[in-house]
$ cat query.json   # JSON, C-alpha atoms
[["chain", "number", "residue", "atom", "x", "y", "z"],
["A", 1, "MET", "CA", 82.77, 114.76, 107.69],
["A", 2, "GLN", "CA", 82.31, 113.86, 104.02],
["A", 3, "ALA", "CA", 82.06, 110.24, 102.92],
["A", 4, "MET", "CA", 81.17, 108.27, 99.80],
["A", 5, "SER", "CA", 78.30, 105.96, 100.75],
["A", 6, "ILE", "CA", 76.53, 103.11, 99.02],
["A", 7, "SER", "CA", 72.81, 103.88, 99.19],
["A", 8, "ARG", "CA", 71.61, 100.49, 97.88],
["A", 9, "TYR", "CA", 72.91, 97.44, 96.05],
["A", 10, "GLY", "CA", 73.59, 97.91, 92.36],
["A", 11, "GLY", "CA", 75.97, 99.43, 89.86],
["A", 12, "PRO", "CA", 78.48, 102.24, 90.39],
["A", 13, "GLU", "CA", 75.64, 104.77, 90.26],
["A", 14, "VAL", "CA", 74.56, 103.81, 93.82],
["A", 15, "PHE", "CA", 77.34, 105.96, 95.31],
["A", 16, "GLU", "CA", 76.42, 109.28, 96.87],
["A", 17, "GLN", "CA", 78.37, 111.83, 98.86],
["A", 18, "VAL", "CA", 77.02, 112.20, 102.38],
["A", 19, "GLU", "CA", 77.76, 114.10, 105.57],
["A", 20, "LEU", "CA", 78.37, 111.91, 108.63],
["A", 21, "ASP", "CA", 79.44, 112.45, 112.21],
["A", 22, "GLU", "CA", 83.17, 112.04, 112.77],
["A", 23, "PRO", "CA", 83.90, 108.71, 114.47],
["A", 24, "VAL", "CA", 85.57, 108.69, 117.90],
["A", 25, "PRO", "CA", 88.07, 105.91, 118.70],
["A", 26, "GLY", "CA", 87.20, 103.52, 121.50],
["A", 27, "PRO", "CA", 89.65, 101.44, 123.57],
["A", 28, "GLY", "CA", 92.32, 99.88, 121.36],
["A", 29, "GLU", "CA", 91.32, 101.99, 118.34],
["A", 30, "VAL", "CA", 92.70, 104.95, 116.44],
["A", 31, "SER", "CA", 91.00, 107.41, 114.14],
["A", 32, "ILE", "CA", 92.77, 108.27, 110.90],
["A", 33, "THR", "CA", 92.48, 111.34, 108.70],
["A", 34, "VAL", "CA", 92.32, 109.50, 105.39],
["A", 35, "SER", "CA", 94.39, 110.60, 102.41],
["A", 36, "HIS", "CA", 94.26, 107.35, 100.39],
["A", 37, "ALA", "CA", 91.79, 104.47, 100.22],
["A", 38, "SER", "CA", 92.16, 101.44, 98.00],
["A", 39, "VAL", "CA", 89.36, 100.21, 95.77],
["A", 40, "GLY", "CA", 89.33, 96.44, 95.97],
["A", 41, "LEU", "CA", 87.38, 93.56, 94.49],
["A", 42, "ILE", "CA", 85.67, 93.00, 97.84],
["A", 43, "ASP", "CA", 84.23, 96.54, 97.63],
["A", 44, "THR", "CA", 82.65, 95.80, 94.25],
["A", 45, "LEU", "CA", 81.24, 92.44, 95.36],
["A", 46, "ILE", "CA", 79.59, 94.06, 98.38],
["A", 47, "ARG", "CA", 78.25, 96.95, 96.30],
["A", 48, "LYS", "CA", 76.62, 94.51, 93.88],
["A", 49, "GLY", "CA", 74.95, 92.62, 96.72],
["A", 50, "MET", "CA", 76.86, 89.40, 96.10],
["A", 51, "LEU", "CA", 77.72, 89.11, 99.80],
["A", 52, "ALA", "CA", 74.39, 90.34, 101.12],
["A", 53, "GLY", "CA", 73.80, 87.24, 103.23],
["A", 54, "ASN", "CA", 77.12, 87.40, 105.05],
["A", 55, "PRO", "CA", 76.59, 88.60, 108.63],
["A", 56, "ALA", "CA", 80.09, 90.16, 108.70],
["A", 57, "VAL", "CA", 79.27, 92.46, 105.78],
["A", 58, "PRO", "CA", 77.36, 95.71, 106.41],
["A", 59, "GLN", "CA", 74.09, 96.40, 104.64],
["A", 60, "PRO", "CA", 73.34, 99.64, 102.73],
["A", 61, "PRO", "CA", 73.58, 102.44, 103.39],
["A", 62, "PHE", "CA", 77.21, 102.16, 104.41],
["A", 63, "VAL", "CA", 80.68, 103.48, 103.57],
["A", 64, "PRO", "CA", 82.95, 100.89, 101.91],
["A", 65, "GLY", "CA", 86.73, 100.66, 102.04],
["A", 66, "ILE", "CA", 88.95, 98.33, 104.05],
["A", 67, "GLU", "CA", 92.47, 99.71, 103.37],
["A", 68, "VAL", "CA", 93.51, 103.30, 103.98],
["A", 69, "ALA", "CA", 96.55, 105.48, 104.56],
["A", 70, "GLY", "CA", 96.73, 108.82, 106.27],
["A", 71, "VAL", "CA", 97.59, 110.45, 109.59],
["A", 72, "VAL", "CA", 96.55, 109.39, 113.09],
["A", 73, "ARG", "CA", 93.92, 111.87, 114.26],
["A", 74, "ALA", "CA", 93.15, 110.52, 117.75],
["A", 75, "VAL", "CA", 93.90, 107.42, 119.81],
["A", 76, "GLY", "CA", 91.65, 105.49, 122.16],
["A", 77, "ALA", "CA", 92.41, 104.19, 125.64],
["A", 78, "GLY", "CA", 95.26, 101.72, 125.85],
["A", 79, "VAL", "CA", 96.87, 102.66, 122.52],
["A", 80, "ASP", "CA", 100.60, 103.32, 122.80],
["A", 81, "ARG", "CA", 102.15, 101.97, 119.59],
["A", 82, "VAL", "CA", 101.15, 104.93, 117.39],
["A", 83, "ARG", "CA", 100.85, 108.64, 118.13],
["A", 84, "VAL", "CA", 98.63, 111.47, 117.00],
["A", 85, "GLY", "CA", 100.13, 113.00, 113.86],
["A", 86, "GLU", "CA", 101.93, 109.82, 112.82],
["A", 87, "GLU", "CA", 101.74, 108.71, 109.19],
["A", 88, "VAL", "CA", 100.19, 105.24, 108.93],
["A", 89, "ALA", "CA", 98.53, 102.68, 106.70],
["A", 90, "THR", "CA", 96.09, 99.94, 107.68],
["A", 91, "LEU", "CA", 96.16, 96.24, 106.95],
["A", 92, "THR", "CA", 92.37, 96.02, 107.04],
["A", 93, "LEU", "CA", 89.34, 97.82, 108.44],
["A", 94, "PRO", "CA", 86.99, 95.18, 109.88],
["A", 95, "GLY", "CA", 84.21, 97.76, 110.11],
["A", 96, "PHE", "CA", 84.82, 99.15, 106.60],
["A", 97, "GLY", "CA", 84.45, 102.96, 106.31],
["A", 98, "GLY", "CA", 87.58, 103.79, 104.29],
["A", 99, "TYR", "CA", 85.90, 106.04, 101.70],
["A", 100, "ALA", "CA", 85.62, 108.89, 104.20],
["A", 101, "GLU", "CA", 87.54, 111.86, 105.54],
["A", 102, "VAL", "CA", 88.04, 110.07, 108.87],
["A", 103, "THR", "CA", 87.80, 106.38, 109.73],
["A", 104, "LEU", "CA", 88.46, 104.06, 112.67],
["A", 105, "ALA", "CA", 90.95, 101.20, 112.81],
["A", 106, "PRO", "CA", 92.07, 98.72, 115.47],
["A", 107, "ALA", "CA", 95.53, 99.81, 116.59],
["A", 108, "ASP", "CA", 96.93, 96.31, 115.98],
["A", 109, "LEU", "CA", 96.06, 96.66, 112.29],
["A", 110, "VAL", "CA", 97.83, 99.98, 111.79],
["A", 111, "VAL", "CA", 101.34, 100.10, 110.31],
["A", 112, "PRO", "CA", 103.54, 103.17, 110.94],
["A", 113, "LEU", "CA", 105.05, 104.56, 107.73],
["A", 114, "GLY", "CA", 107.47, 107.11, 109.19],
["A", 115, "GLY", "CA", 111.06, 106.36, 108.28],
["A", 116, "THR", "CA", 110.22, 103.54, 105.87],
["A", 117, "GLY", "CA", 110.35, 105.59, 102.68],
["A", 118, "VAL", "CA", 107.20, 103.80, 101.43],
["A", 119, "ASP", "CA", 104.73, 106.28, 99.98],
["A", 120, "ARG", "CA", 101.10, 106.12, 101.00],
["A", 121, "ALA", "CA", 99.79, 105.03, 97.61],
["A", 122, "GLN", "CA", 102.07, 101.97, 97.56],
["A", 123, "ALA", "CA", 101.27, 101.20, 101.18],
["A", 124, "VAL", "CA", 97.53, 101.30, 100.73],
["A", 125, "ALA", "CA", 97.80, 99.39, 97.45],
["A", 126, "GLY", "CA", 99.87, 96.53, 98.79],
["A", 127, "PHE", "CA", 100.27, 96.22, 102.56],
["A", 128, "ALA", "CA", 96.96, 94.45, 103.20],
["A", 129, "ASN", "CA", 97.40, 91.95, 100.39],
["A", 130, "ALA", "CA", 101.02, 91.26, 101.30],
["A", 131, "ALA", "CA", 100.05, 90.65, 104.92],
["A", 132, "THR", "CA", 97.26, 88.36, 103.72],
["A", 133, "ALA", "CA", 99.74, 86.40, 101.61],
["A", 134, "TYR", "CA", 102.17, 86.14, 104.52],
["A", 135, "LEU", "CA", 99.53, 84.96, 106.98],
["A", 136, "SER", "CA", 98.06, 82.47, 104.50],
["A", 137, "LEU", "CA", 101.47, 80.86, 103.94],
["A", 138, "THR", "CA", 102.46, 80.82, 107.61],
["A", 139, "ARG", "CA", 99.21, 80.39, 109.56],
["A", 140, "ALA", "CA", 96.70, 78.73, 107.24],
["A", 141, "ILE", "CA", 99.32, 76.28, 105.93],
["A", 142, "THR", "CA", 103.00, 75.60, 106.43],
["A", 143, "MET", "CA", 104.80, 76.14, 103.16],
["A", 144, "PRO", "CA", 107.57, 73.56, 102.73],
["A", 145, "ALA", "CA", 111.18, 74.61, 102.12],
["A", 146, "SER", "CA", 112.04, 75.25, 98.45],
["A", 147, "ALA", "CA", 108.37, 75.00, 97.55],
["A", 148, "ARG", "CA", 107.00, 75.21, 94.06],
["A", 149, "VAL", "CA", 104.09, 77.66, 94.16],
["A", 150, "LEU", "CA", 101.35, 78.25, 91.59],
["A", 151, "VAL", "CA", 99.24, 81.42, 91.77],
["A", 152, "HIS", "CA", 96.06, 81.75, 89.74],
["A", 153, "GLY", "CA", 94.71, 85.11, 88.57],
["A", 154, "ALA", "CA", 98.26, 86.50, 88.55],
["A", 155, "LEU", "CA", 97.17, 90.04, 87.58],
["A", 156, "GLY", "CA", 94.89, 90.39, 90.58],
["A", 157, "GLY", "CA", 95.75, 92.62, 93.54],
["A", 158, "LEU", "CA", 96.17, 89.75, 95.99],
["A", 159, "ALA", "CA", 97.83, 87.34, 93.55],
["A", 160, "SER", "CA", 100.37, 89.94, 92.44],
["A", 161, "VAL", "CA", 102.13, 90.10, 95.83],
["A", 162, "TYR", "CA", 102.56, 86.36, 96.28],
["A", 163, "PRO", "CA", 105.89, 86.10, 94.37],
["A", 164, "GLY", "CA", 107.64, 88.50, 96.76],
["A", 165, "VAL", "CA", 106.11, 86.99, 99.89],
["A", 166, "ALA", "CA", 106.59, 83.37, 98.83],
["A", 167, "ARG", "CA", 110.27, 83.97, 98.05],
["A", 168, "LEU", "CA", 110.69, 85.71, 101.40],
["A", 169, "LEU", "CA", 109.48, 82.46, 102.97],
["A", 170, "GLY", "CA", 111.82, 80.26, 100.91],
["A", 171, "ALA", "CA", 109.89, 79.32, 97.77],
["A", 172, "ALA", "CA", 112.09, 78.02, 94.97],
["A", 173, "ARG", "CA", 109.76, 78.81, 92.07],
["A", 174, "VAL", "CA", 106.60, 80.88, 91.69],
["A", 175, "VAL", "CA", 104.43, 80.39, 88.60],
["A", 176, "GLY", "CA", 101.36, 82.44, 87.68],
["A", 177, "THR", "CA", 98.35, 81.87, 85.47],
["A", 178, "VAL", "CA", 96.16, 84.38, 83.61],
["A", 179, "ARG", "CA", 93.03, 84.13, 81.48],
["A", 180, "ARG", "CA", 94.51, 85.35, 78.19],
["A", 181, "GLU", "CA", 97.92, 85.27, 76.54],
["A", 182, "SER", "CA", 97.77, 89.06, 76.13],
["A", 183, "GLN", "CA", 97.97, 89.34, 79.95],
["A", 184, "ILE", "CA", 101.21, 87.39, 80.34],
["A", 185, "ASP", "CA", 103.67, 90.28, 79.97],
["A", 186, "GLY", "CA", 101.77, 92.40, 82.46],
["A", 187, "ALA", "CA", 101.77, 89.62, 85.05],
["A", 188, "MET", "CA", 105.47, 88.89, 84.56],
["A", 189, "ALA", "CA", 106.20, 92.39, 85.88],
["A", 190, "TYR", "CA", 105.14, 91.19, 89.35],
["A", 191, "GLY", "CA", 108.10, 88.86, 89.63],
["A", 192, "PHE", "CA", 106.75, 85.47, 88.61],
["A", 193, "ASP", "CA", 109.28, 83.00, 87.19],
["A", 194, "VAL", "CA", 106.79, 81.96, 84.52],
["A", 195, "VAL", "CA", 103.28, 83.06, 83.59],
["A", 196, "SER", "CA", 100.97, 81.19, 81.25],
["A", 197, "THR", "CA", 97.32, 80.54, 80.59],
["A", 198, "VAL", "CA", 95.94, 77.58, 82.51],
["A", 199, "ASP", "CA", 95.39, 75.44, 79.41],
["A", 200, "ARG", "CA", 99.03, 75.89, 78.36],
["A", 201, "LEU", "CA", 100.58, 75.34, 81.77],
["A", 202, "SER", "CA", 103.50, 72.96, 81.23],
["A", 203, "GLU", "CA", 105.00, 72.96, 84.72],
["A", 204, "GLY", "CA", 105.01, 69.86, 86.94],
["A", 205, "ALA", "CA", 103.28, 69.36, 90.27],
["A", 206, "PHE", "CA", 103.12, 72.17, 92.86],
["A", 207, "ASP", "CA", 103.52, 72.08, 96.61],
["A", 208, "VAL", "CA", 101.21, 75.08, 97.06],
["A", 209, "ILE", "CA", 98.50, 76.46, 94.80],
["A", 210, "VAL", "CA", 97.02, 79.86, 95.63],
["A", 211, "ASP", "CA", 93.52, 80.27, 94.21],
["A", 212, "PRO", "CA", 91.69, 83.61, 94.42],
["A", 213, "VAL", "CA", 89.52, 82.65, 91.42],
["A", 214, "GLY", "CA", 87.41, 79.66, 92.47],
["A", 215, "GLY", "CA", 84.81, 77.89, 90.34],
["A", 216, "ASP", "CA", 85.85, 74.98, 88.16],
["A", 217, "LEU", "CA", 89.46, 76.18, 88.23],
["A", 218, "ARG", "CA", 89.64, 75.16, 91.90],
["A", 219, "THR", "CA", 88.66, 71.56, 91.28],
["A", 220, "ARG", "CA", 90.86, 71.29, 88.18],
["A", 221, "SER", "CA", 93.80, 72.57, 90.20],
["A", 222, "LEU", "CA", 93.78, 69.46, 92.39],
["A", 223, "ASP", "CA", 95.39, 67.62, 89.44],
["A", 224, "LEU", "CA", 98.35, 70.01, 89.70],
["A", 225, "LEU", "CA", 99.17, 69.34, 93.36],
["A", 226, "ALA", "CA", 102.20, 67.29, 94.40],
["A", 227, "PRO", "CA", 101.79, 64.64, 97.12],
["A", 228, "MET", "CA", 101.04, 66.43, 100.41],
["A", 229, "GLY", "CA", 100.27, 69.54, 98.36],
["A", 230, "ARG", "CA", 98.00, 72.26, 99.67],
["A", 231, "LEU", "CA", 95.54, 74.46, 97.80],
["A", 232, "LEU", "CA", 94.81, 77.82, 99.42],
["A", 233, "ALA", "CA", 91.35, 79.16, 98.63],
["A", 234, "VAL", "CA", 91.77, 82.91, 99.19],
["A", 235, "GLY", "CA", 88.90, 84.27, 97.14],
["A", 236, "SER", "CA", 86.21, 83.50, 94.59],
["A", 237, "ALA", "CA", 86.54, 86.18, 91.94],
["A", 238, "GLY", "CA", 85.36, 83.90, 89.14],
["A", 239, "SER", "CA", 82.33, 82.29, 90.74],
["A", 240, "GLU", "CA", 79.50, 83.22, 93.09],
["A", 241, "THR", "CA", 79.21, 79.65, 94.38],
["A", 242, "GLY", "CA", 81.85, 77.27, 95.70],
["A", 243, "ALA", "CA", 82.83, 74.22, 93.66],
["A", 244, "PRO", "CA", 82.12, 70.80, 95.21],
["A", 245, "ILE", "CA", 85.24, 68.81, 96.07],
["A", 246, "ASP", "CA", 85.44, 65.03, 96.59],
["A", 247, "SER", "CA", 86.89, 64.64, 100.09],
["A", 248, "ASN", "CA", 87.87, 61.03, 99.41],
["A", 249, "ARG", "CA", 90.11, 62.29, 96.64],
["A", 250, "LEU", "CA", 91.87, 64.52, 99.16],
["A", 251, "TRP", "CA", 92.21, 61.66, 101.63],
["A", 252, "LEU", "CA", 93.60, 59.12, 99.17],
["A", 253, "ALA", "CA", 96.08, 61.53, 97.57],
["A", 254, "ASN", "CA", 97.17, 63.25, 100.81],
["A", 255, "LEU", "CA", 96.03, 66.63, 99.54],
["A", 256, "GLY", "CA", 94.55, 69.59, 101.39],
["A", 257, "VAL", "CA", 92.24, 72.46, 100.53],
["A", 258, "VAL", "CA", 92.37, 75.29, 103.07],
["A", 259, "GLY", "CA", 90.30, 78.45, 103.04],
["A", 260, "PHE", "CA", 91.77, 81.71, 104.29],
["A", 261, "ASN", "CA", 89.79, 84.90, 104.81],
["A", 262, "VAL", "CA", 92.08, 87.47, 106.41],
["A", 263, "GLY", "CA", 89.24, 89.65, 107.68],
["A", 264, "GLY", "CA", 87.67, 86.77, 109.56],
["A", 265, "PHE", "CA", 91.06, 85.58, 110.82],
["A", 266, "LEU", "CA", 92.17, 88.94, 112.20],
["A", 267, "GLY", "CA", 88.67, 89.67, 113.40],
["A", 268, "LEU", "CA", 89.04, 86.88, 115.94],
["A", 269, "ASP", "CA", 92.56, 87.85, 117.01],
["A", 270, "SER", "CA", 94.34, 90.87, 115.55],
["A", 271, "SER", "CA", 97.70, 90.20, 117.24],
["A", 272, "PRO", "CA", 99.22, 88.18, 114.32],
["A", 273, "ALA", "CA", 99.00, 91.34, 112.20],
["A", 274, "ARG", "CA", 102.06, 92.86, 113.85],
["A", 275, "ALA", "CA", 104.39, 90.02, 112.85],
["A", 276, "ALA", "CA", 102.96, 90.06, 109.35],
["A", 277, "ALA", "CA", 103.54, 93.80, 109.02],
["A", 278, "GLU", "CA", 107.12, 93.53, 110.29],
["A", 279, "ALA", "CA", 107.77, 90.84, 107.68],
["A", 280, "ILE", "CA", 106.23, 92.48, 104.63],
["A", 281, "VAL", "CA", 107.17, 96.17, 104.99],
["A", 282, "PRO", "CA", 110.82, 95.49, 103.99],
["A", 283, "LEU", "CA", 109.54, 94.01, 100.72],
["A", 284, "PHE", "CA", 108.18, 97.45, 99.82],
["A", 285, "VAL", "CA", 111.23, 99.29, 101.16],
["A", 286, "ASP", "CA", 113.69, 97.34, 98.99],
["A", 287, "GLY", "CA", 111.41, 97.19, 95.95],
["A", 288, "ALA", "CA", 110.74, 93.45, 95.98],
["A", 289, "ILE", "CA", 107.07, 94.45, 95.72],
["A", 290, "ARG", "CA", 106.27, 97.48, 93.60],
["A", 291, "LEU", "CA", 102.74, 97.80, 92.26],
["A", 292, "PRO", "CA", 101.32, 99.95, 89.46],
["A", 293, "VAL", "CA", 98.81, 102.33, 91.03],
["A", 294, "THR", "CA", 96.14, 104.51, 89.43],
["A", 295, "THR", "CA", 94.70, 107.28, 91.62],
["A", 296, "LEU", "CA", 91.38, 109.09, 91.34],
["A", 297, "PRO", "CA", 89.82, 111.80, 93.54],
["A", 298, "PHE", "CA", 87.64, 110.53, 96.39],
["A", 299, "ASP", "CA", 84.48, 111.96, 94.84],
["A", 300, "GLN", "CA", 85.05, 109.75, 91.79],
["A", 301, "ALA", "CA", 84.32, 106.53, 93.68],
["A", 302, "ALA", "CA", 81.61, 105.67, 91.16],
["A", 303, "GLU", "CA", 84.07, 106.02, 88.28],
["A", 304, "ALA", "CA", 86.58, 103.86, 90.14],
["A", 305, "HIS", "CA", 83.98, 101.12, 90.56],
["A", 306, "ARG", "CA", 82.95, 101.40, 86.91],
["A", 307, "ARG", "CA", 86.55, 100.74, 85.89],
["A", 308, "MET", "CA", 86.72, 97.79, 88.27],
["A", 309, "ASP", "CA", 83.50, 96.32, 86.85],
["A", 310, "GLU", "CA", 84.77, 96.68, 83.30],
["A", 311, "HIS", "CA", 88.23, 95.24, 84.09],
["A", 312, "GLN", "CA", 89.98, 98.45, 83.05],
["A", 313, "VAL", "CA", 92.42, 98.51, 85.97],
["A", 314, "LEU", "CA", 96.04, 97.35, 85.79],
["A", 315, "GLY", "CA", 97.47, 96.98, 89.28],
["A", 316, "ARG", "CA", 95.60, 98.77, 92.08],
["A", 317, "LEU", "CA", 93.12, 101.60, 92.00],
["A", 318, "VAL", "CA", 93.32, 104.12, 94.86],
["A", 319, "LEU", "CA", 91.09, 107.03, 95.83],
["A", 320, "ARG", "CA", 93.07, 110.09, 96.93],
["A", 321, "ARG", "CA", 91.88, 113.10, 98.88]]
$ encode --input "query.json" --output "structure tokens"
Amino acid sequence: MQAMSISRYGGPEVFEQVELDEPVPGPGEVSITVSHASVGLIDTLIRKGMLAGNPAVPQPPFVPGIEVAGVVRAVGAGVDRVRVGEEVATLTLPGFGGYAEVTLAPADLVVPLGGTGVDRAQAVAGFANAATAYLSLTRAITMPASARVLVHGALGGLASVYPGVARLLGAARVVGTVRRESQIDGAMAYGFDVVSTVDRLSEGAFDVIVDPVGGDLRTRSLDLLAPMGRLLAVGSAGSETGAPIDSNRLWLANLGVVGFNVGGFLGLDSSPARAAAEAIVPLFVDGAIRLPVTTLPFDQAAEAHRRMDEHQVLGRLVLRR
């Protein structure tokens, strides 16, 4: 089978098309004939070598991609929730491998698309992030009723689905922040009540702050938490190193900072993925979440990564076969 592989760490030019053996599903797995694969921030961080020391991240050469859509090609022993020929999307691929003609996925992390009316591009663009948002607000923390929620990096793929998911769970108000005023209108399209730059944020205290950015913004955000407020660290797009936090400050103010990495969470136990999928798919069916998607041919993976590096992508970028 054909695949787009990263030969070494570096810029987009490290991609090369290679011929690999077709993977065979083991117990509890399915193989998928891939039609769509999302291009995410995590793919670019790995390609650059920024996560080279993480034992859960493969080393070059390897095939990136953690979210795909397509058709079930074969099922392993013990799999009975999906059938060969069924149209599906994945929530995540713990072993990566999405930029290929065929990939493997744990059956628990596969979402059937038949009968939903959700097209594959939307599914691969949003299902994984929406499930991440749902699990972060229900498993990592308990979001209080009528919560006020602040989401940093509102134009990002993960941040953009939080308004729909947070309202599903009872949030009263969802506010977003962006880096520049010119980005406000674009972020408002995702359903935020208000979007502003951080320095012009005029809202009061928040019960939940979602931070996929990190760096100094994370520590500054503690000033925006209400008593018993919780800050969810769900990424570090703006910094390679974590910001130090004074734990006594958390103790005295009854605040919490909780990290949530969906790959690590579902890697230990994939069963929560089913409830998350059942909760978030209706958001795509009824249009509560609708993402702008740009598609490129699979063999243009390098071009897709160039656009990601140069921040030329609005919404999600998806490779299509």
$ atom_distance --input "query.json" --atom1 "atom CA of A:Ala3" --atom2 "atom CA of A:Thr103"
9.7 Å
$ residues_around --input "query.json" --residues "A:Val293" --least-positions-apart "4" --cutoff "10 Å" --atoms "all atoms listed in the file" --output "list in words"
Ser38, Ala121, Gln122, Val124, Ala125, Gly126, Val313, Leu314, Gly315, Arg316, Leu317 and Val318 of chain A
$ closest_residue --input "query.json" --among "A:Val175, A:Val262, A:Arg73, A:Thr219" --to "A:Leu137" --atoms "only C-alpha atoms"
A:Val262
$ atom_distance --input "query.json" --atom1 "atom CA of A:Met50" --atom2 "atom CA of A:Ala123"
27.6 Å
$ residues_near_point --input "query.json" --point "(97.2, 108.3, 107.3)" --cutoff "7 Å" --atoms "all atoms listed in the file" --output "list in words"
Ile32, Thr33, Val34, Ser35, Ala69, Gly70, Val71, Val72, Glu87, Val88 and Ala89 of chain A
$ atom_distance --input "query.json" --atom1 "atom CA of A:Glu29" --atom2 "atom CA of A:Ile46"
24.5 Å
$ closest_residue --input "query.json" --among "A:Gln312, A:His36, A:Leu155, A:Val198" --to "A:Arg120" --atoms "only C-alpha atoms"
A:His36
$ residues_around --input "query.json" --residues "stretch 94-102 of chain A" --least-positions-apart "3" --cutoff "10 Å" --atoms "only C-alpha atoms" --output "ChimeraX atom specification"
/A:1-5,17-24,31-39,43,56-58,62-73,90-91,105-106,109,262-264,266-267,298-299,301,319-321
$ closest_residue --input "query.json" --among "A:Gly164, A:Pro144, A:Pro25, A:Gly85" --to "A:Leu283" --atoms "only C-alpha atoms"
A:Gly164
$ closest_residue --input "query.json" --among "A:Asp108, A:Phe127, A:Gly78, A:Arg83" --to "A:Val285" --atoms "all atoms listed in the file"
A:Phe127
$ closest_residue --input "query.json" --among "A:Leu225, A:Ala277, A:Leu93, A:Ile289" --to "A:Val161" --atoms "only C-alpha atoms"
A:Ile289
